[in-house]
Structure formats: C-alpha cells, structure tokens
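Participant: You'll find upload_24.pdb just under this line, and it carries PDB, C-alpha atoms, pLDDT in the B column.
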```pdb
ATOM      1  CA  MET O1029       0.000   0.000   0.000  1.00 84.00           C
ATOM      2  CA  LYS O1030       2.932   2.139   0.606  1.00 86.00           C
ATOM      3  CA  ASN O1031       4.187   1.486  -2.906  1.00 88.00           C
ATOM      4  CA  ILE O1032       0.829   2.381  -4.339  1.00 90.00           C
ATOM      5  CA  ALA O1033       0.787   5.593  -2.360  1.00 87.00           C
ATOM      6  CA  ILE O1034       4.316   6.393  -3.609  1.00 91.00           C
ATOM      7  CA  VAL O1035       3.319   5.650  -7.216  1.00 88.00           C
ATOM      8  CA  VAL O1036       0.172   7.752  -6.877  1.00 89.00           C
ATOM      9  CA  LEU O1037       2.206  10.567  -5.347  1.00 90.00           C
ATOM     10  CA  LEU O1038       4.842  10.245  -8.071  1.00 91.00           C
ATOM     11  CA  VAL O1039       2.200  10.341 -10.833  1.00 91.00           C
ATOM     12  CA  PHE O1040       0.512  13.270  -9.090  1.00 90.00           C
ATOM     13  CA  THR O1041       3.854  15.113  -8.771  1.00 93.00           C
ATOM     14  CA  ILE O1042       4.747  14.482 -12.429  1.00 94.00           C
ATOM     15  CA  SER O1043       1.328  15.575 -13.613  1.00 92.00           C
ATOM     16  CA  LEU O1044       1.508  18.618 -11.324  1.00 91.00           C
ATOM     17  CA  GLY O1045       4.976  19.472 -12.735  1.00 92.00           C
ATOM     18  CA  ALA O1046       3.715  19.059 -16.321  1.00 92.00           C
ATOM     19  CA  PHE O1047       0.699  21.225 -15.512  1.00 92.00           C
ATOM     20  CA  SER O1048       2.887  23.945 -13.955  1.00 92.00           C
ATOM     21  CA  TRP O1049       5.315  23.813 -16.935  1.00 94.00           C
ATOM     22  CA  HIS O1050       2.336  24.166 -19.289  1.00 94.00           C
ATOM     23  CA  GLN O1051       0.985  27.088 -17.229  1.00 93.00           C
ATOM     24  CA  ARG O1052       4.394  28.763 -17.233  1.00 95.00           C
ATOM     25  CA  ASN O1053       4.584  28.578 -21.028  1.00 94.00           C
ATOM     26  CA  GLN O1054       1.087  30.083 -21.275  1.00 95.00           C
ATOM     27  CA  ILE O1055       2.059  32.867 -18.867  1.00 94.00           C
ATOM     28  CA  ALA O1056       5.172  33.635 -20.957  1.00 94.00           C
ATOM     29  CA  GLN O1057       3.066  33.782 -24.132  1.00 95.00           C
ATOM     30  CA  ILE O1058       0.493  36.021 -22.468  1.00 94.00           C
ATOM     31  CA  GLN O1059       3.246  38.309 -21.140  1.00 94.00           C
ATOM     32  CA  THR O1060       4.698  38.601 -24.665  1.00 95.00           C
ATOM     33  CA  GLN O1061       1.265  39.389 -26.061  1.00 94.00           C
ATOM     34  CA  LEU O1062       0.692  41.897 -23.267  1.00 92.00           C
ATOM     35  CA  ALA O1063       3.991  43.663 -24.004  1.00 92.00           C
ATOM     36  CA  THR O1064       3.090  43.807 -27.710  1.00 94.00           C
ATOM     37  CA  VAL O1065      -0.341  45.229 -26.940  1.00 92.00           C
ATOM     38  CA  GLN O1066       1.171  47.784 -24.534  1.00 91.00           C
ATOM     39  CA  ASN O1067       3.626  48.936 -27.211  1.00 91.00           C
ATOM     40  CA  GLN O1068       0.797  49.242 -29.705  1.00 89.00           C
ATOM     41  CA  LEU O1069      -1.226  51.241 -27.176  1.00 88.00           C
ATOM     42  CA  LYS O1070       1.728  53.541 -26.538  1.00 88.00           C
ATOM     43  CA  GLU O1071       2.151  54.077 -30.265  1.00 87.00           C
ATOM     44  CA  LYS O1072      -1.551  54.707 -30.671  1.00 87.00           C
ATOM     45  CA  SER O1073      -1.673  57.057 -27.696  1.00 84.00           C
ATOM     46  CA  GLY O1074       1.368  58.903 -29.088  1.00 83.00           C
ATOM     47  CA  ALA O1075      -0.386  59.110 -32.436  1.00 82.00           C
ATOM     48  CA  ASP O1076      -3.582  60.207 -30.699  1.00 85.00           C
ATOM     49  CA  GLU O1077      -1.654  62.934 -28.881  1.00 87.00           C
ATOM     50  CA  LYS O1078      -0.128  64.058 -32.169  1.00 87.00           C
ATOM     51  CA  VAL O1079      -3.562  64.118 -33.765  1.00 87.00           C
ATOM     52  CA  ALA O1080      -4.952  66.084 -30.814  1.00 88.00           C
ATOM     53  CA  ARG O1081      -2.080  68.599 -31.028  1.00 90.00           C
ATOM     54  CA  ALA O1082      -2.545  68.862 -34.781  1.00 89.00           C
ATOM     55  CA  GLU O1083      -6.270  69.496 -34.279  1.00 91.00           C
ATOM     56  CA  GLN O1084      -5.504  72.180 -31.682  1.00 91.00           C
ATOM     57  CA  LYS O1085      -3.036  73.838 -34.026  1.00 89.00           C
ATOM     58  CA  SER O1086      -5.549  73.600 -36.846  1.00 89.00           C
ATOM     59  CA  ASN O1087      -8.228  75.238 -34.687  1.00 90.00           C
ATOM     60  CA  ILE O1088      -5.839  78.013 -33.667  1.00 90.00           C
ATOM     61  CA  LEU O1089      -4.847  78.611 -37.287  1.00 88.00           C
ATOM     62  CA  GLN O1090      -8.481  78.631 -38.387  1.00 91.00           C
ATOM     63  CA  ASN O1091      -9.345  81.175 -35.686  1.00 89.00           C
ATOM     64  CA  THR O1092      -6.357  83.309 -36.661  1.00 88.00           C
ATOM     65  CA  LEU O1093      -7.329  83.077 -40.315  1.00 87.00           C
ATOM     66  CA  ALA O1094     -10.895  84.083 -39.515  1.00 87.00           C
ATOM     67  CA  GLU O1095      -9.717  87.060 -37.441  1.00 88.00           C
ATOM     68  CA  THR O1096      -7.235  88.102 -40.126  1.00 87.00           C
ATOM     69  CA  SER O1097      -9.878  87.786 -42.800  1.00 87.00           C
ATOM     70  CA  LYS O1098     -12.278  89.901 -40.734  1.00 88.00           C
ATOM     71  CA  PHE O1099      -9.537  92.498 -40.163  1.00 86.00           C
ATOM     72  CA  ALA O1100      -8.684  92.534 -43.883  1.00 86.00           C
ATOM     73  CA  ASP O1101     -12.367  92.985 -44.754  1.00 88.00           C
ATOM     74  CA  GLU O1102     -12.628  95.922 -42.352  1.00 88.00           C
ATOM     75  CA  LYS O1103      -9.493  97.525 -43.793  1.00 86.00           C
ATOM     76  CA  SER O1104     -10.777  96.935 -47.314  1.00 88.00           C
ATOM     77  CA  LYS O1105     -14.043  98.656 -46.436  1.00 89.00           C
ATOM     78  CA  GLN O1106     -12.120 101.546 -44.891  1.00 88.00           C
ATOM     79  CA  ALA O1107      -9.990 101.842 -48.025  1.00 87.00           C
ATOM     80  CA  GLU O1108     -13.126 101.874 -50.185  1.00 89.00           C
ATOM     81  CA  GLN O1109     -14.654 104.580 -47.997  1.00 87.00           C
ATOM     82  CA  LEU O1110     -11.464 106.632 -48.231  1.00 85.00           C
ATOM     83  CA  GLN O1111     -11.410 106.256 -52.006  1.00 86.00           C
ATOM     84  CA  GLN O1112     -15.048 107.290 -52.203  1.00 84.00           C
ATOM     85  CA  SER O1113     -14.475 110.286 -49.965  1.00 80.00           C
ATOM     86  CA  LEU O1114     -11.388 111.217 -52.003  1.00 78.00           C
ATOM     87  CA  ALA O1115     -13.378 110.968 -55.215  1.00 76.00           C
ATOM     88  CA  ALA O1116     -16.160 113.009 -53.652  1.00 72.00           C
ATOM     89  CA  ALA O1117     -13.647 115.570 -52.441  1.00 65.00           C
ATOM     90  CA  LYS O1118     -12.223 115.898 -55.948  1.00 65.00           C
ATOM     91  CA  THR O1119     -15.653 116.383 -57.477  1.00 62.00           C
ATOM     92  CA  ASN O1120     -16.908 118.653 -54.697  1.00 55.00           C
ATOM     93  CA  GLY O1121     -13.825 120.839 -54.688  1.00 52.00           C
ATOM     94  CA  ALA O1122     -12.823 119.873 -51.152  1.00 49.00           C
ATOM     95  CA  ASN O1123     -10.159 122.590 -50.991  1.00 57.00           C
ATOM     96  CA  PRO O1124     -11.953 125.929 -50.790  1.00 61.00           C
ATOM     97  CA  PHE O1125      -8.648 127.727 -51.392  1.00 62.00           C
ATOM     98  CA  ALA O1126      -8.002 125.884 -54.656  1.00 66.00           C
ATOM     99  CA  ASP O1127      -9.977 128.433 -56.706  1.00 65.00           C
ATOM    100  CA  LEU O1128      -8.141 131.208 -54.936  1.00 67.00           C
ATOM    101  CA  PHE O1129      -4.737 129.832 -55.946  1.00 68.00           C
ATOM    102  CA  LYS O1130      -5.877 129.131 -59.526  1.00 72.00           C
ATOM    103  CA  ASP O1131      -6.550 132.816 -60.098  1.00 74.00           C
ATOM    104  CA  PRO O1132      -3.558 134.363 -62.012  1.00 78.00           C
ATOM    105  CA  LYS O1133      -4.054 137.718 -60.279  1.00 81.00           C
ATOM    106  CA  MET O1134      -3.755 136.039 -56.883  1.00 77.00           C
ATOM    107  CA  LYS O1135      -0.639 134.159 -57.975  1.00 78.00           C
ATOM    108  CA  GLU O1136       0.910 137.395 -59.181  1.00 81.00           C
ATOM    109  CA  MET O1137       0.053 139.178 -55.945  1.00 81.00           C
ATOM    110  CA  ILE O1138       1.632 136.370 -53.889  1.00 80.00           C
ATOM    111  CA  LYS O1139       4.776 136.458 -56.054  1.00 79.00           C
ATOM    112  CA  SER O1140       5.074 140.232 -55.747  1.00 80.00           C
ATOM    113  CA  SER O1141       4.654 140.132 -51.959  1.00 81.00           C
ATOM    114  CA  GLN O1142       7.221 137.371 -51.835  1.00 81.00           C
ATOM    115  CA  LYS O1143       9.673 139.462 -53.848  1.00 79.00           C
ATOM    116  CA  ALA O1144       9.047 142.392 -51.538  1.00 78.00           C
ATOM    117  CA  PHE O1145       9.825 140.160 -48.577  1.00 80.00           C
ATOM    118  CA  LEU O1146      12.804 138.325 -50.109  1.00 79.00           C
ATOM    119  CA  GLY O1147      14.552 141.479 -51.469  1.00 81.00           C
ATOM    120  CA  PRO O1148      15.508 143.002 -48.096  1.00 84.00           C
ATOM    121  CA  MET O1149      16.211 139.581 -46.646  1.00 84.00           C
ATOM    122  CA  ILE O1150      18.676 138.766 -49.460  1.00 84.00           C
ATOM    123  CA  ASP O1151      20.309 142.197 -49.070  1.00 83.00           C
ATOM    124  CA  LYS O1152      20.790 141.595 -45.368  1.00 86.00           C
ATOM    125  CA  GLN O1153      22.008 137.985 -45.531  1.00 86.00           C
ATOM    126  CA  TYR O1154      24.237 138.234 -48.602  1.00 85.00           C
ATOM    127  CA  ALA O1155      25.622 141.810 -48.246  1.00 83.00           C
ATOM    128  CA  ALA O1156      28.953 140.541 -46.918  1.00 86.00           C
ATOM    129  CA  LEU O1157      29.224 138.051 -49.795  1.00 85.00           C
ATOM    130  CA  PHE O1158      28.524 140.750 -52.389  1.00 82.00           C
ATOM    131  CA  GLN O1159      31.244 142.960 -50.891  1.00 87.00           C
ATOM    132  CA  GLN O1160      33.725 140.123 -50.665  1.00 88.00           C
ATOM    133  CA  LEU O1161      33.154 139.185 -54.324  1.00 86.00           C
ATOM    134  CA  ASN O1162      33.638 142.840 -55.419  1.00 88.00           C
ATOM    135  CA  LEU O1163      30.635 142.661 -57.770  1.00 83.00           C
ATOM    136  CA  THR O1164      29.448 145.594 -59.865  1.00 87.00           C
ATOM    137  CA  PRO O1165      25.931 146.898 -59.125  1.00 88.00           C
ATOM    138  CA  ASP O1166      24.609 145.159 -62.273  1.00 91.00           C
ATOM    139  CA  GLN O1167      26.213 141.852 -61.241  1.00 88.00           C
ATOM    140  CA  THR O1168      24.857 142.222 -57.705  1.00 88.00           C
ATOM    141  CA  ALA O1169      21.343 142.880 -59.044  1.00 87.00           C
ATOM    142  CA  ALA O1170      21.557 139.828 -61.349  1.00 89.00           C
ATOM    143  CA  LEU O1171      22.742 137.604 -58.490  1.00 86.00           C
ATOM    144  CA  LYS O1172      19.942 138.908 -56.242  1.00 86.00           C
ATOM    145  CA  GLU O1173      17.421 138.128 -58.969  1.00 86.00           C
ATOM    146  CA  LEU O1174      18.782 134.575 -59.334  1.00 86.00           C
ATOM    147  CA  LEU O1175      18.574 134.064 -55.580  1.00 85.00           C
ATOM    148  CA  GLN O1176      14.988 135.356 -55.552  1.00 84.00           C
ATOM    149  CA  LYS O1177      14.031 132.979 -58.378  1.00 83.00           C
ATOM    150  CA  LYS O1178      15.657 130.062 -56.575  1.00 82.00           C
ATOM    151  CA  MET O1179      13.801 130.834 -53.366  1.00 79.00           C
ATOM    152  CA  SER O1180      10.470 131.342 -55.137  1.00 79.00           C
ATOM    153  CA  VAL O1181      10.543 127.878 -56.777  1.00 77.00           C
ATOM    154  CA  GLY O1182       9.395 126.290 -53.519  1.00 73.00           C
ATOM    155  CA  ALA O1183       6.556 128.773 -53.210  1.00 72.00           C
ATOM    156  CA  ASP O1184       5.447 128.033 -56.791  1.00 73.00           C
ATOM    157  CA  ALA O1185       5.407 124.313 -56.027  1.00 73.00           C
ATOM    158  CA  GLY O1186       3.386 124.982 -52.888  1.00 73.00           C
ATOM    159  CA  MET O1187       0.840 127.048 -54.816  1.00 71.00           C
ATOM    160  CA  SER O1188       0.466 124.298 -57.413  1.00 70.00           C
ATOM    161  CA  MET O1189      -0.231 121.845 -54.586  1.00 70.00           C
ATOM    162  CA  LEU O1190      -2.834 124.129 -53.084  1.00 69.00           C
ATOM    163  CA  ASP O1191      -4.646 124.920 -56.319  1.00 66.00           C
ATOM    164  CA  GLY O1192      -5.487 121.230 -56.875  1.00 64.00           C
ATOM    165  CA  SER O1193      -3.797 121.009 -60.258  1.00 64.00           C
ATOM    166  CA  LEU O1194      -1.465 118.210 -59.115  1.00 62.00           C
ATOM    167  CA  ASP O1195      -2.649 114.622 -59.210  1.00 63.00           C
ATOM    168  CA  ALA O1196      -1.426 111.691 -57.107  1.00 61.00           C
ATOM    169  CA  ALA O1197       1.254 110.787 -59.650  1.00 57.00           C
TER     170      ALA O1197
END
```
Show the structure stored in the file as structure tokens.

Facilitator:
Amino acid sequence: MKNIAIVVLLVFTISLGAFSWHQRNQIAQIQTQLATVQNQLKEKSGADEKVARAEQKSNILQNTLAETSKFADEKSKQAEQLQQSLAAAKTNGANPFADLFKDPKMKEMIKSSQKAFLGPMIDKQYAALFQQLNLTPDQTAALKELLQKKMSVGADAGMSMLDGSLDAA
C-alpha cells in the first residue's frame, strides 16, 4: 500500500509538474502578447496625442485666419470709404482755397509780396558776400534776382499743390 501511495504521489507530482510547466509557457506567451499590446497602445496614444495637437493647431490657425480675414475685410471697407471720400472731395472741390490759388491775379500778388519780402532779406544775408566778391551793381542785381528765383521755386510748387492742379502721380 505504501508502494501504491508512492506511485500515486509520483504520478501526481509528475502531472503537477507538467501542468505547472504548461501554465508557465502560457504565462510567458500572455506576457509577450501583453507587451506587444502595450507597445501598440503607446504608439496609438502617441499618435492620438499628435492628432490632438494637430487638431488644436488647426483650430488656432483657423481662428487666426478668420480674425485676419475679418480684419482685412474691415481695412478693405475703410480703403473703399477713403477712395469714395477722395473721389467726392475731388468732385466737390474739397479745398476751398483751390480756386483762390488758380486765379492768375492772386498768384501774381503772392509772387510780388514774396519778392518784396525776399529782397531786403537777401540784401541783409548776402551783403557781406557781395562785398567780398567785389561785384558791380549790375552783377549784384543779377545775383539777387537769381537768388529770388531760386527761393520762389518752392513757393510756386506749394501754390500748385494748393490749387489742386497736381494729381497723385
């Protein structure tokens, strides 16, 4: 009976060892599968995070684009309004002084008052130069006239700006 008990125990031990070896192999396979699935999940979660970041960036860019488009539309409307008001100003004669500066009599009066003002100023500022150059009275008068013409060029350009005869070009 002792031998039978030993044989039964030996068979039980062998079968228990075979069962545990089989279970160990299954556990190793399951662990390998688990590691593979975990890696796949990490890759997918990394991809999901990238997709989420890309969606956030896309939303930000879309909002920025919408704001920029709205801003551009507003500026375009402002530019149109300015062009319309400029066109209206040109047709309405927006500069009330333009007619005044177009009048040849007014231009002549401004030039004569400018000459009256520039003559004494040139005499005062350039008297030392005229003496140093030892110019004759005719030469001095010619040089004064040239200086007056040079100084009046700016005034002529200013009058042409004010009379509205200049265009944007």

Participant: Please enclose the listed atoms of range 1170-1180 of chain O in an axis-aligned box, pad each side by 5 Å, and write out the centre and the three edge lengths in Å, rounded to one decimal, as AutoDock Vina command-line options.

Facilitator:
```
--center_x 16.6 --center_y 134.9 --center_z -57.4 --size_x 22.3 --size_y 19.8 --size_z 18.0
```

Participant: Would you please work out which residue, of O:Gln1090, O:Lys1135, O:Lys1105, O:His1050, is nearest to Ala1185 in chain O when using all atoms listed in the file?

Facilitator: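 Of the candidates, the smallest distance to Ala1185 in chain O is held by O:Lys1135.
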
Participant: Counting only C-alpha atoms, which of O:Ile1058, O:Met1029, O:Ile1138, O:Leu1044 gets nearest to Met1187 in chain O?

Facilitator: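 Between O:Ile1058, O:Met1029, O:Ile1138, O:Leu1044, the residue approaching Met1187 in chain O most closely is O:Ile1138.
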
Participant: How many Å separate CA of Lys1133 in chain O from CA of Gly1182 in chain O?

Facilitator: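 Distance reported for this atom pair: 18.9 Å.
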
Participant: CA of Ile1055 in chain O to CA of Phe1040 in chain O: how many Å, to one decimal?

Facilitator: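 Answer for the CA of Ile1055 in chain O to CA of Phe1040 in chain O separation: 22.0 Å.
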
Participant: So the first atom is CA of Ser1188 in chain O and the second is CA of Gln1142 in chain O; what is the distance between them in Å, to one decimal place?

Facilitator: 15.7 Å

Participant: Determine the nearest neighbour of Ser1141 in chain O from the options O:Ser1073, O:Gln1160, O:Ser1180, O:Gln1059, counting only C-alpha atoms.

Facilitator: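 So, comparing all the options, the nearest one is O:Ser1180.
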
Participant: For Ala1169 in chain O, which of O:Asp1184, O:Glu1071, O:Ala1156, O:Gly1147 is the closest residue, counting all atoms listed in the file?

Facilitator: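 Among the listed residues, O:Gly1147 lies closest to Ala1169 in chain O.
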
Participant: Taking the file as I've supplied it (selection: the PyMOL selection byres ((chain O and resi 1171) around 12)), which residues are included? Please answer as a list in words.

Facilitator: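 Listing what the PyMOL selection byres ((chain O and resi 1171) around 12) selects in the shown file: Gly1147, Ile1150, Asp1151, Tyr1154, Ala1155, Leu1157, Phe1158, Leu1161, Leu1163, Thr1164, Pro1165, Asp1166, Gln1167, Thr1168, Ala1169, Ala1170, Lys1172, Glu1173, Leu1174, Leu1175, Gln1176, Lys1177 and Lys1178 of chain O.
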
Participant: Looking at O:Lys1139, O:Gln1153, O:Ser1043, O:Arg1052, which one is nearest to Gly1186 in chain O, with distances taken over only C-alpha atoms?

Facilitator: O:Lys1139
